[in-house]
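Peer 1: File protein10.pdb follows (PDB, C-alpha atoms, pLDDT in the B column):
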```
ATOM      1  CA  MET V   1      21.093   1.675   5.474  1.00 48.00           C
ATOM      2  CA  SER V   2      22.045   0.852   9.065  1.00 51.00           C
ATOM      3  CA  ASP V   3      25.229  -1.119   9.805  1.00 64.00           C
ATOM      4  CA  LYS V   4      23.647  -2.569  12.920  1.00 89.00           C
ATOM      5  CA  PHE V   5      22.903  -6.190  12.171  1.00 95.00           C
ATOM      6  CA  ILE V   6      20.371  -7.979  14.319  1.00 95.00           C
ATOM      7  CA  PRO V   7      20.048 -11.782  14.427  1.00 96.00           C
ATOM      8  CA  ALA V   8      16.659 -12.374  12.881  1.00 96.00           C
ATOM      9  CA  ILE V   9      16.063 -15.997  12.188  1.00 96.00           C
ATOM     10  CA  SER V  10      17.843 -19.357  12.132  1.00 96.00           C
ATOM     11  CA  THR V  11      18.779 -20.404   8.602  1.00 95.00           C
ATOM     12  CA  ASP V  12      17.016 -23.737   8.990  1.00 94.00           C
ATOM     13  CA  GLU V  13      13.713 -22.012   9.684  1.00 95.00           C
ATOM     14  CA  ILE V  14      13.199 -21.179   5.999  1.00 95.00           C
ATOM     15  CA  ALA V  15      13.455 -23.809   3.291  1.00 95.00           C
ATOM     16  CA  PRO V  16      14.787 -22.713  -0.118  1.00 95.00           C
ATOM     17  CA  GLY V  17      12.017 -20.839  -1.890  1.00 95.00           C
ATOM     18  CA  GLY V  18      10.382 -19.969   1.415  1.00 96.00           C
ATOM     19  CA  MET V  19       9.652 -16.714   3.212  1.00 97.00           C
ATOM     20  CA  LYS V  20       9.085 -15.799   6.822  1.00 97.00           C
ATOM     21  CA  SER V  21       8.119 -12.561   8.483  1.00 97.00           C
ATOM     22  CA  VAL V  22       9.877 -11.128  11.523  1.00 97.00           C
ATOM     23  CA  GLU V  23       9.681  -7.890  13.455  1.00 96.00           C
ATOM     24  CA  LEU V  24      13.002  -6.176  14.012  1.00 95.00           C
ATOM     25  CA  ASP V  25      13.536  -2.824  15.609  1.00 91.00           C
ATOM     26  CA  GLY V  26       9.857  -2.038  15.128  1.00 93.00           C
ATOM     27  CA  ARG V  27       9.907  -2.899  11.430  1.00 95.00           C
ATOM     28  CA  GLU V  28       7.972  -5.656   9.753  1.00 97.00           C
ATOM     29  CA  ILE V  29      10.394  -7.563   7.563  1.00 98.00           C
ATOM     30  CA  VAL V  30      10.158 -10.635   5.353  1.00 98.00           C
ATOM     31  CA  ILE V  31      13.216 -12.817   4.933  1.00 98.00           C
ATOM     32  CA  CYS V  32      13.436 -14.856   1.730  1.00 97.00           C
ATOM     33  CA  ASN V  33      15.558 -17.908   1.095  1.00 97.00           C
ATOM     34  CA  CYS V  34      16.493 -17.791  -2.586  1.00 96.00           C
ATOM     35  CA  ASP V  35      18.280 -21.109  -2.987  1.00 94.00           C
ATOM     36  CA  GLY V  36      20.495 -20.537   0.030  1.00 94.00           C
ATOM     37  CA  THR V  37      20.933 -16.791  -0.347  1.00 96.00           C
ATOM     38  CA  TYR V  38      18.900 -14.748   2.078  1.00 97.00           C
ATOM     39  CA  TYR V  39      17.256 -11.443   1.256  1.00 98.00           C
ATOM     40  CA  ALA V  40      15.228  -9.169   3.491  1.00 98.00           C
ATOM     41  CA  MET V  41      12.532  -6.747   2.404  1.00 98.00           C
ATOM     42  CA  GLN V  42       9.710  -4.796   3.924  1.00 97.00           C
ATOM     43  CA  ARG V  43       6.765  -7.005   4.731  1.00 98.00           C
ATOM     44  CA  ARG V  44       4.092  -4.820   3.191  1.00 97.00           C
ATOM     45  CA  CYS V  45       3.319  -4.933  -0.501  1.00 97.00           C
ATOM     46  CA  GLY V  46       4.022  -1.724  -2.386  1.00 97.00           C
ATOM     47  CA  HIS V  47       0.529  -1.859  -3.834  1.00 95.00           C
ATOM     48  CA  MET V  48      -1.970  -2.284  -1.012  1.00 94.00           C
ATOM     49  CA  ASN V  49       0.058  -3.286   2.054  1.00 96.00           C
ATOM     50  CA  ALA V  50      -0.772  -6.990   2.037  1.00 97.00           C
ATOM     51  CA  PRO V  51       1.757  -9.183   3.864  1.00 98.00           C
ATOM     52  CA  LEU V  52       4.156 -10.446   1.223  1.00 98.00           C
ATOM     53  CA  GLU V  53       5.121 -13.680   2.977  1.00 97.00           C
ATOM     54  CA  LEU V  54       1.647 -14.953   2.079  1.00 97.00           C
ATOM     55  CA  GLY V  55       2.562 -14.649  -1.570  1.00 97.00           C
ATOM     56  CA  THR V  56       4.854 -16.743  -3.739  1.00 97.00           C
ATOM     57  CA  LEU V  57       8.608 -16.625  -4.076  1.00 97.00           C
ATOM     58  CA  ASP V  58       9.871 -17.826  -7.433  1.00 96.00           C
ATOM     59  CA  GLY V  59      13.578 -17.349  -8.002  1.00 95.00           C
ATOM     60  CA  LYS V  60      14.217 -13.787  -6.912  1.00 96.00           C
ATOM     61  CA  PHE V  61      10.707 -12.602  -7.612  1.00 97.00           C
ATOM     62  CA  VAL V  62       7.912 -12.364  -5.087  1.00 98.00           C
ATOM     63  CA  THR V  63       4.272 -12.240  -6.140  1.00 97.00           C
ATOM     64  CA  CYS V  64       1.808 -10.705  -3.703  1.00 97.00           C
ATOM     65  CA  ALA V  65      -1.102 -12.968  -2.835  1.00 96.00           C
ATOM     66  CA  MET V  66      -3.598 -10.114  -2.870  1.00 94.00           C
ATOM     67  CA  HIS V  67      -3.462  -8.666  -6.390  1.00 93.00           C
ATOM     68  CA  CYS V  68      -0.392 -10.419  -7.840  1.00 94.00           C
ATOM     69  CA  ALA V  69       1.889  -7.375  -7.893  1.00 96.00           C
ATOM     70  CA  GLN V  70       5.472  -8.546  -8.326  1.00 96.00           C
ATOM     71  CA  PHE V  71       8.738  -7.346  -6.830  1.00 97.00           C
ATOM     72  CA  ASP V  72      12.416  -8.174  -7.170  1.00 97.00           C
ATOM     73  CA  VAL V  73      13.509  -9.253  -3.689  1.00 97.00           C
ATOM     74  CA  THR V  74      17.134  -8.310  -4.358  1.00 97.00           C
ATOM     75  CA  THR V  75      16.371  -4.664  -5.084  1.00 96.00           C
ATOM     76  CA  GLY V  76      12.779  -4.196  -3.935  1.00 97.00           C
ATOM     77  CA  GLN V  77      11.900  -2.842  -7.352  1.00 97.00           C
ATOM     78  CA  ALA V  78       8.250  -3.084  -8.339  1.00 96.00           C
ATOM     79  CA  LEU V  79       8.045  -5.181 -11.495  1.00 96.00           C
ATOM     80  CA  SER V  80       4.334  -5.234 -12.164  1.00 94.00           C
ATOM     81  CA  GLY V  81       1.144  -3.895 -10.733  1.00 92.00           C
ATOM     82  CA  PRO V  82      -2.062  -5.706  -9.889  1.00 91.00           C
ATOM     83  CA  VAL V  83      -3.549  -8.195 -12.295  1.00 90.00           C
ATOM     84  CA  PRO V  84      -7.074  -7.177 -13.379  1.00 85.00           C
ATOM     85  CA  ALA V  85      -9.800  -9.156 -11.689  1.00 79.00           C
ATOM     86  CA  ASP V  86     -12.111 -11.404 -13.654  1.00 76.00           C
ATOM     87  CA  VAL V  87     -15.732 -11.051 -12.665  1.00 69.00           C
ATOM     88  CA  GLY V  88     -16.757 -13.416 -15.447  1.00 72.00           C
ATOM     89  CA  ASN V  89     -19.735 -12.984 -17.695  1.00 72.00           C
ATOM     90  CA  GLU V  90     -22.344 -13.529 -15.005  1.00 78.00           C
ATOM     91  CA  SER V  91     -24.314 -10.509 -13.902  1.00 85.00           C
ATOM     92  CA  LEU V  92     -23.639  -9.662 -10.286  1.00 88.00           C
ATOM     93  CA  PRO V  93     -26.247  -8.777  -7.670  1.00 92.00           C
ATOM     94  CA  PRO V  94     -26.770  -4.984  -7.972  1.00 93.00           C
ATOM     95  CA  ARG V  95     -25.439  -4.142  -4.497  1.00 95.00           C
ATOM     96  CA  LEU V  96     -22.284  -6.204  -5.050  1.00 91.00           C
ATOM     97  CA  ALA V  97     -21.798  -4.708  -8.510  1.00 89.00           C
ATOM     98  CA  ALA V  98     -22.147  -1.188  -7.057  1.00 94.00           C
ATOM     99  CA  PHE V  99     -19.684  -2.018  -4.291  1.00 94.00           C
ATOM    100  CA  LEU V 100     -17.132  -3.420  -6.738  1.00 88.00           C
ATOM    101  CA  GLN V 101     -17.533  -0.373  -8.925  1.00 89.00           C
ATOM    102  CA  HIS V 102     -16.850   1.827  -5.896  1.00 93.00           C
ATOM    103  CA  VAL V 103     -13.778  -0.221  -4.993  1.00 89.00           C
ATOM    104  CA  GLY V 104     -12.614  -0.021  -8.598  1.00 86.00           C
ATOM    105  CA  THR V 105     -12.916   3.756  -8.513  1.00 90.00           C
ATOM    106  CA  LEU V 106     -10.892   3.917  -5.303  1.00 90.00           C
ATOM    107  CA  MET V 107      -8.224   1.579  -6.639  1.00 87.00           C
ATOM    108  CA  LYS V 108      -7.879   3.267 -10.002  1.00 84.00           C
ATOM    109  CA  ASP V 109      -5.245   5.723  -8.861  1.00 89.00           C
ATOM    110  CA  ILE V 110      -3.326   3.431  -6.537  1.00 92.00           C
ATOM    111  CA  ARG V 111       0.254   3.097  -7.689  1.00 93.00           C
ATOM    112  CA  THR V 112       2.492   0.133  -7.070  1.00 94.00           C
ATOM    113  CA  GLU V 113       5.609   1.445  -5.388  1.00 96.00           C
ATOM    114  CA  SER V 114       8.938  -0.292  -5.001  1.00 97.00           C
ATOM    115  CA  ILE V 115       9.568  -1.727  -1.559  1.00 97.00           C
ATOM    116  CA  ARG V 116      12.464  -1.313   0.805  1.00 97.00           C
ATOM    117  CA  THR V 117      15.119  -3.966   1.127  1.00 98.00           C
ATOM    118  CA  PHE V 118      17.559  -4.553   3.970  1.00 97.00           C
ATOM    119  CA  GLU V 119      21.106  -5.805   4.077  1.00 97.00           C
ATOM    120  CA  THR V 120      21.586  -9.365   5.330  1.00 97.00           C
ATOM    121  CA  LYS V 121      24.445 -11.588   6.379  1.00 96.00           C
ATOM    122  CA  VAL V 122      24.614 -15.154   7.638  1.00 96.00           C
ATOM    123  CA  GLU V 123      26.678 -15.931  10.698  1.00 95.00           C
ATOM    124  CA  ALA V 124      26.743 -19.070  12.810  1.00 93.00           C
ATOM    125  CA  GLY V 125      23.573 -20.409  11.249  1.00 95.00           C
ATOM    126  CA  TRP V 126      21.628 -17.204  11.738  1.00 96.00           C
ATOM    127  CA  VAL V 127      20.403 -14.669   9.259  1.00 97.00           C
ATOM    128  CA  HIS V 128      21.283 -11.180  10.464  1.00 97.00           C
ATOM    129  CA  VAL V 129      19.426  -8.183   9.130  1.00 97.00           C
ATOM    130  CA  ALA V 130      20.300  -4.492   9.300  1.00 95.00           C
ATOM    131  CA  PRO V 131      16.846  -2.934   9.696  1.00 91.00           C
TER     132      PRO V 131
ATOM    133  CA  MET K   1       8.476   0.169 -12.625  1.00 79.00           C
ATOM    134  CA  GLY K   2      11.492  -0.433 -14.808  1.00 87.00           C
ATOM    135  CA  THR K   3      11.065  -1.894 -18.272  1.00 93.00           C
ATOM    136  CA  GLU K   4      14.428  -3.660 -18.231  1.00 94.00           C
ATOM    137  CA  SER K   5      13.769  -5.300 -14.862  1.00 94.00           C
ATOM    138  CA  ARG K   6      10.327  -6.423 -15.974  1.00 96.00           C
ATOM    139  CA  LYS K   7      11.733  -7.841 -19.188  1.00 96.00           C
ATOM    140  CA  LYS K   8      14.196  -9.903 -17.182  1.00 95.00           C
ATOM    141  CA  ALA K   9      11.421 -11.123 -14.895  1.00 96.00           C
ATOM    142  CA  LEU K  10       9.177 -12.093 -17.811  1.00 97.00           C
ATOM    143  CA  HIS K  11      12.107 -13.897 -19.423  1.00 97.00           C
ATOM    144  CA  TYR K  12      12.638 -15.850 -16.214  1.00 96.00           C
ATOM    145  CA  PHE K  13       8.973 -16.796 -15.825  1.00 96.00           C
ATOM    146  CA  PHE K  14       8.356 -17.588 -19.484  1.00 97.00           C
ATOM    147  CA  ASP K  15      11.453 -19.740 -19.737  1.00 96.00           C
ATOM    148  CA  LYS K  16      10.100 -21.998 -17.007  1.00 95.00           C
ATOM    149  CA  VAL K  17       6.772 -22.330 -18.808  1.00 96.00           C
ATOM    150  CA  VAL K  18       7.889 -22.911 -22.382  1.00 97.00           C
ATOM    151  CA  GLY K  19      10.733 -25.334 -21.617  1.00 96.00           C
ATOM    152  CA  PRO K  20       8.460 -28.235 -20.626  1.00 96.00           C
ATOM    153  CA  LEU K  21       6.359 -27.496 -23.727  1.00 96.00           C
ATOM    154  CA  GLY K  22       9.358 -28.170 -25.974  1.00 97.00           C
ATOM    155  CA  PHE K  23      10.014 -24.520 -26.809  1.00 98.00           C
ATOM    156  CA  LYS K  24      12.780 -22.040 -26.036  1.00 98.00           C
ATOM    157  CA  PHE K  25      13.342 -18.336 -26.536  1.00 98.00           C
ATOM    158  CA  THR K  26      14.310 -17.474 -30.088  1.00 97.00           C
ATOM    159  CA  PRO K  27      18.084 -17.346 -30.597  1.00 97.00           C
ATOM    160  CA  ASP K  28      17.476 -13.931 -32.179  1.00 96.00           C
ATOM    161  CA  ALA K  29      18.187 -11.960 -29.000  1.00 96.00           C
ATOM    162  CA  GLU K  30      17.317  -8.629 -30.578  1.00 97.00           C
ATOM    163  CA  LEU K  31      13.884  -9.848 -31.629  1.00 97.00           C
ATOM    164  CA  ALA K  32      13.262 -11.417 -28.209  1.00 97.00           C
ATOM    165  CA  ASP K  33      14.207  -8.162 -26.509  1.00 97.00           C
ATOM    166  CA  PHE K  34      11.930  -6.151 -28.772  1.00 97.00           C
ATOM    167  CA  LEU K  35       8.945  -8.459 -28.287  1.00 98.00           C
ATOM    168  CA  LEU K  36       9.410  -8.596 -24.519  1.00 97.00           C
ATOM    169  CA  GLU K  37       9.492  -4.813 -24.447  1.00 97.00           C
ATOM    170  CA  GLN K  38       6.170  -4.694 -26.300  1.00 97.00           C
ATOM    171  CA  GLU K  39       4.718  -7.134 -23.779  1.00 97.00           C
ATOM    172  CA  VAL K  40       5.896  -5.002 -20.888  1.00 96.00           C
ATOM    173  CA  MET K  41       4.110  -2.060 -22.494  1.00 96.00           C
ATOM    174  CA  LEU K  42       0.941  -4.105 -22.985  1.00 96.00           C
ATOM    175  CA  GLU K  43       1.137  -5.281 -19.392  1.00 94.00           C
ATOM    176  CA  GLY K  44       1.492  -1.693 -18.264  1.00 92.00           C
ATOM    177  CA  LYS K  45      -1.654  -0.792 -20.193  1.00 92.00           C
ATOM    178  CA  HIS K  46      -3.846  -3.842 -19.556  1.00 92.00           C
ATOM    179  CA  GLY K  47      -2.265  -5.494 -16.514  1.00 90.00           C
ATOM    180  CA  ILE K  48      -1.581  -8.624 -18.573  1.00 94.00           C
ATOM    181  CA  PRO K  49       1.314  -9.358 -20.971  1.00 96.00           C
ATOM    182  CA  PHE K  50      -0.669 -10.136 -24.081  1.00 97.00           C
ATOM    183  CA  CYS K  51       0.947 -11.356 -27.285  1.00 97.00           C
ATOM    184  CA  PRO K  52       2.100  -8.209 -29.118  1.00 96.00           C
ATOM    185  CA  CYS K  53       1.323  -9.711 -32.531  1.00 96.00           C
ATOM    186  CA  GLN K  54      -2.324 -10.674 -32.098  1.00 95.00           C
ATOM    187  CA  PRO K  55      -5.291  -8.343 -31.772  1.00 94.00           C
ATOM    188  CA  LEU K  56      -7.243  -7.932 -28.547  1.00 94.00           C
ATOM    189  CA  ARG K  57     -10.912  -8.618 -29.163  1.00 93.00           C
ATOM    190  CA  HIS K  58     -12.188  -7.393 -25.794  1.00 88.00           C
ATOM    191  CA  ASP K  59     -13.742 -10.800 -25.242  1.00 89.00           C
ATOM    192  CA  ARG K  60     -12.049 -12.086 -22.113  1.00 88.00           C
ATOM    193  CA  ALA K  61     -12.276 -15.768 -23.005  1.00 89.00           C
ATOM    194  CA  ARG K  62     -10.609 -15.148 -26.366  1.00 92.00           C
ATOM    195  CA  ASP K  63      -8.162 -12.568 -25.096  1.00 94.00           C
ATOM    196  CA  MET K  64      -6.906 -14.929 -22.398  1.00 93.00           C
ATOM    197  CA  GLN K  65      -5.856 -17.268 -25.181  1.00 96.00           C
ATOM    198  CA  ILE K  66      -3.247 -14.762 -26.323  1.00 97.00           C
ATOM    199  CA  VAL K  67      -1.612 -14.186 -22.958  1.00 97.00           C
ATOM    200  CA  CYS K  68       2.066 -14.864 -23.484  1.00 97.00           C
ATOM    201  CA  PRO K  69       3.228 -17.607 -23.638  1.00 97.00           C
ATOM    202  CA  CYS K  70       0.098 -18.652 -25.523  1.00 97.00           C
ATOM    203  CA  ILE K  71       1.567 -21.930 -26.805  1.00 97.00           C
ATOM    204  CA  PRO K  72      -0.900 -24.234 -24.968  1.00 96.00           C
ATOM    205  CA  PHE K  73      -3.847 -22.553 -26.697  1.00 96.00           C
ATOM    206  CA  HIS K  74      -2.368 -22.890 -30.176  1.00 96.00           C
ATOM    207  CA  ARG K  75      -0.359 -26.054 -29.752  1.00 95.00           C
ATOM    208  CA  LYS K  76      -1.084 -27.773 -33.064  1.00 95.00           C
ATOM    209  CA  HIS K  77      -0.506 -24.595 -35.035  1.00 96.00           C
ATOM    210  CA  PHE K  78       2.756 -23.672 -33.312  1.00 97.00           C
ATOM    211  CA  ASP K  79       4.069 -27.240 -33.438  1.00 96.00           C
ATOM    212  CA  ALA K  80       3.418 -27.222 -37.197  1.00 96.00           C
ATOM    213  CA  ILE K  81       5.361 -24.000 -37.769  1.00 97.00           C
ATOM    214  CA  LYS K  82       7.951 -24.724 -35.009  1.00 97.00           C
ATOM    215  CA  ARG K  83       7.521 -21.252 -33.563  1.00 97.00           C
ATOM    216  CA  CYS K  84       4.903 -19.206 -31.817  1.00 97.00           C
ATOM    217  CA  TRP K  85       2.995 -16.668 -33.855  1.00 96.00           C
ATOM    218  CA  CYS K  86       5.307 -13.714 -33.193  1.00 96.00           C
ATOM    219  CA  GLY K  87       8.462 -15.811 -33.065  1.00 96.00           C
ATOM    220  CA  LEU K  88       9.402 -15.137 -29.461  1.00 97.00           C
ATOM    221  CA  PHE K  89       9.536 -18.883 -28.895  1.00 98.00           C
ATOM    222  CA  VAL K  90      10.750 -21.586 -31.230  1.00 98.00           C
ATOM    223  CA  HIS K  91      11.055 -25.340 -30.969  1.00 97.00           C
ATOM    224  CA  LYS K  92      14.103 -26.387 -28.973  1.00 97.00           C
ATOM    225  CA  ASP K  93      15.799 -27.857 -32.056  1.00 96.00           C
ATOM    226  CA  VAL K  94      15.597 -24.607 -34.043  1.00 96.00           C
ATOM    227  CA  ILE K  95      18.940 -22.915 -34.669  1.00 94.00           C
ATOM    228  CA  ASP K  96      18.010 -20.533 -37.465  1.00 95.00           C
ATOM    229  CA  PRO K  97      14.703 -18.822 -36.594  1.00 94.00           C
ATOM    230  CA  ASP K  98      14.771 -16.786 -39.816  1.00 93.00           C
ATOM    231  CA  SER K  99      14.165 -19.999 -41.748  1.00 94.00           C
ATOM    232  CA  LEU K 100      10.717 -20.368 -40.159  1.00 94.00           C
ATOM    233  CA  PRO K 101       7.996 -18.491 -42.026  1.00 93.00           C
ATOM    234  CA  GLN K 102       4.997 -17.099 -40.155  1.00 94.00           C
ATOM    235  CA  LEU K 103       2.332 -19.420 -41.558  1.00 94.00           C
ATOM    236  CA  SER K 104      -1.316 -19.145 -40.573  1.00 94.00           C
ATOM    237  CA  PRO K 105      -3.356 -22.157 -39.377  1.00 94.00           C
ATOM    238  CA  LYS K 106      -4.950 -22.215 -42.829  1.00 94.00           C
ATOM    239  CA  ASP K 107      -1.524 -22.315 -44.487  1.00 93.00           C
ATOM    240  CA  VAL K 108      -0.617 -25.473 -42.582  1.00 91.00           C
ATOM    241  CA  GLY K 109      -3.967 -27.170 -43.131  1.00 91.00           C
ATOM    242  CA  LEU K 110      -5.443 -26.667 -39.689  1.00 90.00           C
ATOM    243  CA  GLU K 111      -8.500 -24.730 -40.833  1.00 81.00           C
TER     244      GLU K 111
END
```
Could you express the structure from this file as structure tokens?
Peer 2:
Amino acid sequence: MSDKFIPAISTDEIAPGGMKSVELDGREIVICNCDGTYYAMQRRCGHMNAPLELGTLDGKFVTCAMHCAQFDVTTGQALSGPVPADVGNESLPPRLAAFLQHVGTLMKDIRTESIRTFETKVEAGWVHVAP
Amino acid sequence: MGTESRKKALHYFFDKVVGPLGFKFTPDAELADFLLEQEVMLEGKHGIPFCPCQPLRHDRARDMQIVCPCIPFHRKHFDAIKRCWCGLFVHKDVIDPDSLPQLSPKDVGLE
């Protein structure tokens, strides 16, 4: 991990429980405000690359908005994979059903990987991140 | 994905759900740990942390009623026995979970 901290965002830009994405040193990073403690992690979900700031931060756990994979923002550890989709009991139009089956086949072997986290510090009202 | 980390996460999420329902985690920490571990395994297999003590019927509508914590779907039953079916959650006033037998809905006059 780099010891080069870069001012990333003003602390008042993220309310407790909120997340915001920034680009630092060419990296996409999401900064999370966990009740006044700031954590930084890679922006892309370890499952299918969706932007994590669109998800939900609850305590120190972020849930991806795309397939509900969950990660610990303090360590970046993947906690759970995607939640299975519910297509209900209705029969789908054949072309849509075939497409979903194809997508399902492609997604079957996708693993949910842990994500990278970055060191943070707060100085003079700014969150600094070492990307 | 680490089992221990997932157990901690499930504990955190479940605690927030069952508290307002008048329940808490069983004081039997060993039992709670064991049941959470089973749920992590079920989640790994099915993508959903189902109750480890009730059978999956492969009928989504019915199976969703045993997603932990399943208290809202079995409220009358669990309120009558002061615990959930597997005993992971008990009423907030329960100190000795071993004193609560696992009674079926029929046993408590609900069927």
Peer 1: Residues of chain V were defined as contacting chain K if any atom lay at most 12 Å from it, counting only C-alpha atoms; please report them as a ChimeraX atom specification.
Peer 2: /V:46,57-63,67-89,111-115
Peer 1: From the options V:Ala40, V:Leu100, V:His47, V:Asn33, which residue's atoms come nearest to Phe5 (chain V), counting only C-alpha atoms?
Peer 2: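 Looking only at the distances to Phe5 (chain V), the closest residue turns out to be V:Ala40.
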Peer 1: Mind telling me what the PyMOL selection byres ((chain K and resi 93) around 10) catches here, as a compact mmCIF listing (two decimals) with C-alpha atoms, in the coordinates of the input?
Peer 2:
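Result written to out.txt:
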```
# COMPACT_ATOMS: atom_id res chain seq x y z
CA GLY K 22 9.36 -28.17 -25.97
CA PHE K 23 10.01 -24.52 -26.81
CA LYS K 24 12.78 -22.04 -26.04
CA LYS K 82 7.95 -24.72 -35.01
CA VAL K 90 10.75 -21.59 -31.23
CA HIS K 91 11.06 -25.34 -30.97
CA LYS K 92 14.10 -26.39 -28.97
CA VAL K 94 15.60 -24.61 -34.04
CA ILE K 95 18.94 -22.92 -34.67
CA ASP K 96 18.01 -20.53 -37.47
```
Peer 1: When you draw a straight line from CA of Arg44 (chain V) to CA of Glu39 (chain K), how long is it in Å?
Peer 2: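 Separating CA of Arg44 (chain V) from CA of Glu39 (chain K) is a distance of 27.1 Å.
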Peer 1: In Å, how far is it from CA of Leu96 (chain V) to CA of Lys108 (chain V)?
Peer 2: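 We find that CA of Leu96 (chain V) and CA of Lys108 (chain V) lie 17.9 Å from each other.
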Peer 1: If the PyMOL selection byres ((chain K and resi 63) around 12) is run on the structure shown, which residues does it catch, given as a ChimeraX atom specification?
Peer 2: /K:46,48-52,54-62,64-68,70,73
Peer 1: Evaluate the PyMOL selection byres ((chain V and resi 17-20) around 9) and record the selected residues as a list of chain:residue names, following the chain and residue labels used in the document.
Peer 2: V:Ile9, V:Glu13, V:Ile14, V:Ala15, V:Pro16, V:Ser21, V:Val22, V:Ile29, V:Val30, V:Ile31, V:Cys32, V:Asn33, V:Cys34, V:Asp35, V:Gly36, V:Leu52, V:Glu53, V:Leu54, V:Gly55, V:Thr56, V:Leu57, V:Asp58, V:Gly59, V:Lys60
Peer 1: In Å, rounded to a single decimal, give me how far CA of Arg75 (chain K) is from CA of Asp28 (chain K).
Peer 2: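 Pair CA of Asp28 (chain K) / CA of Arg75 (chain K) returns 21.7 Å.
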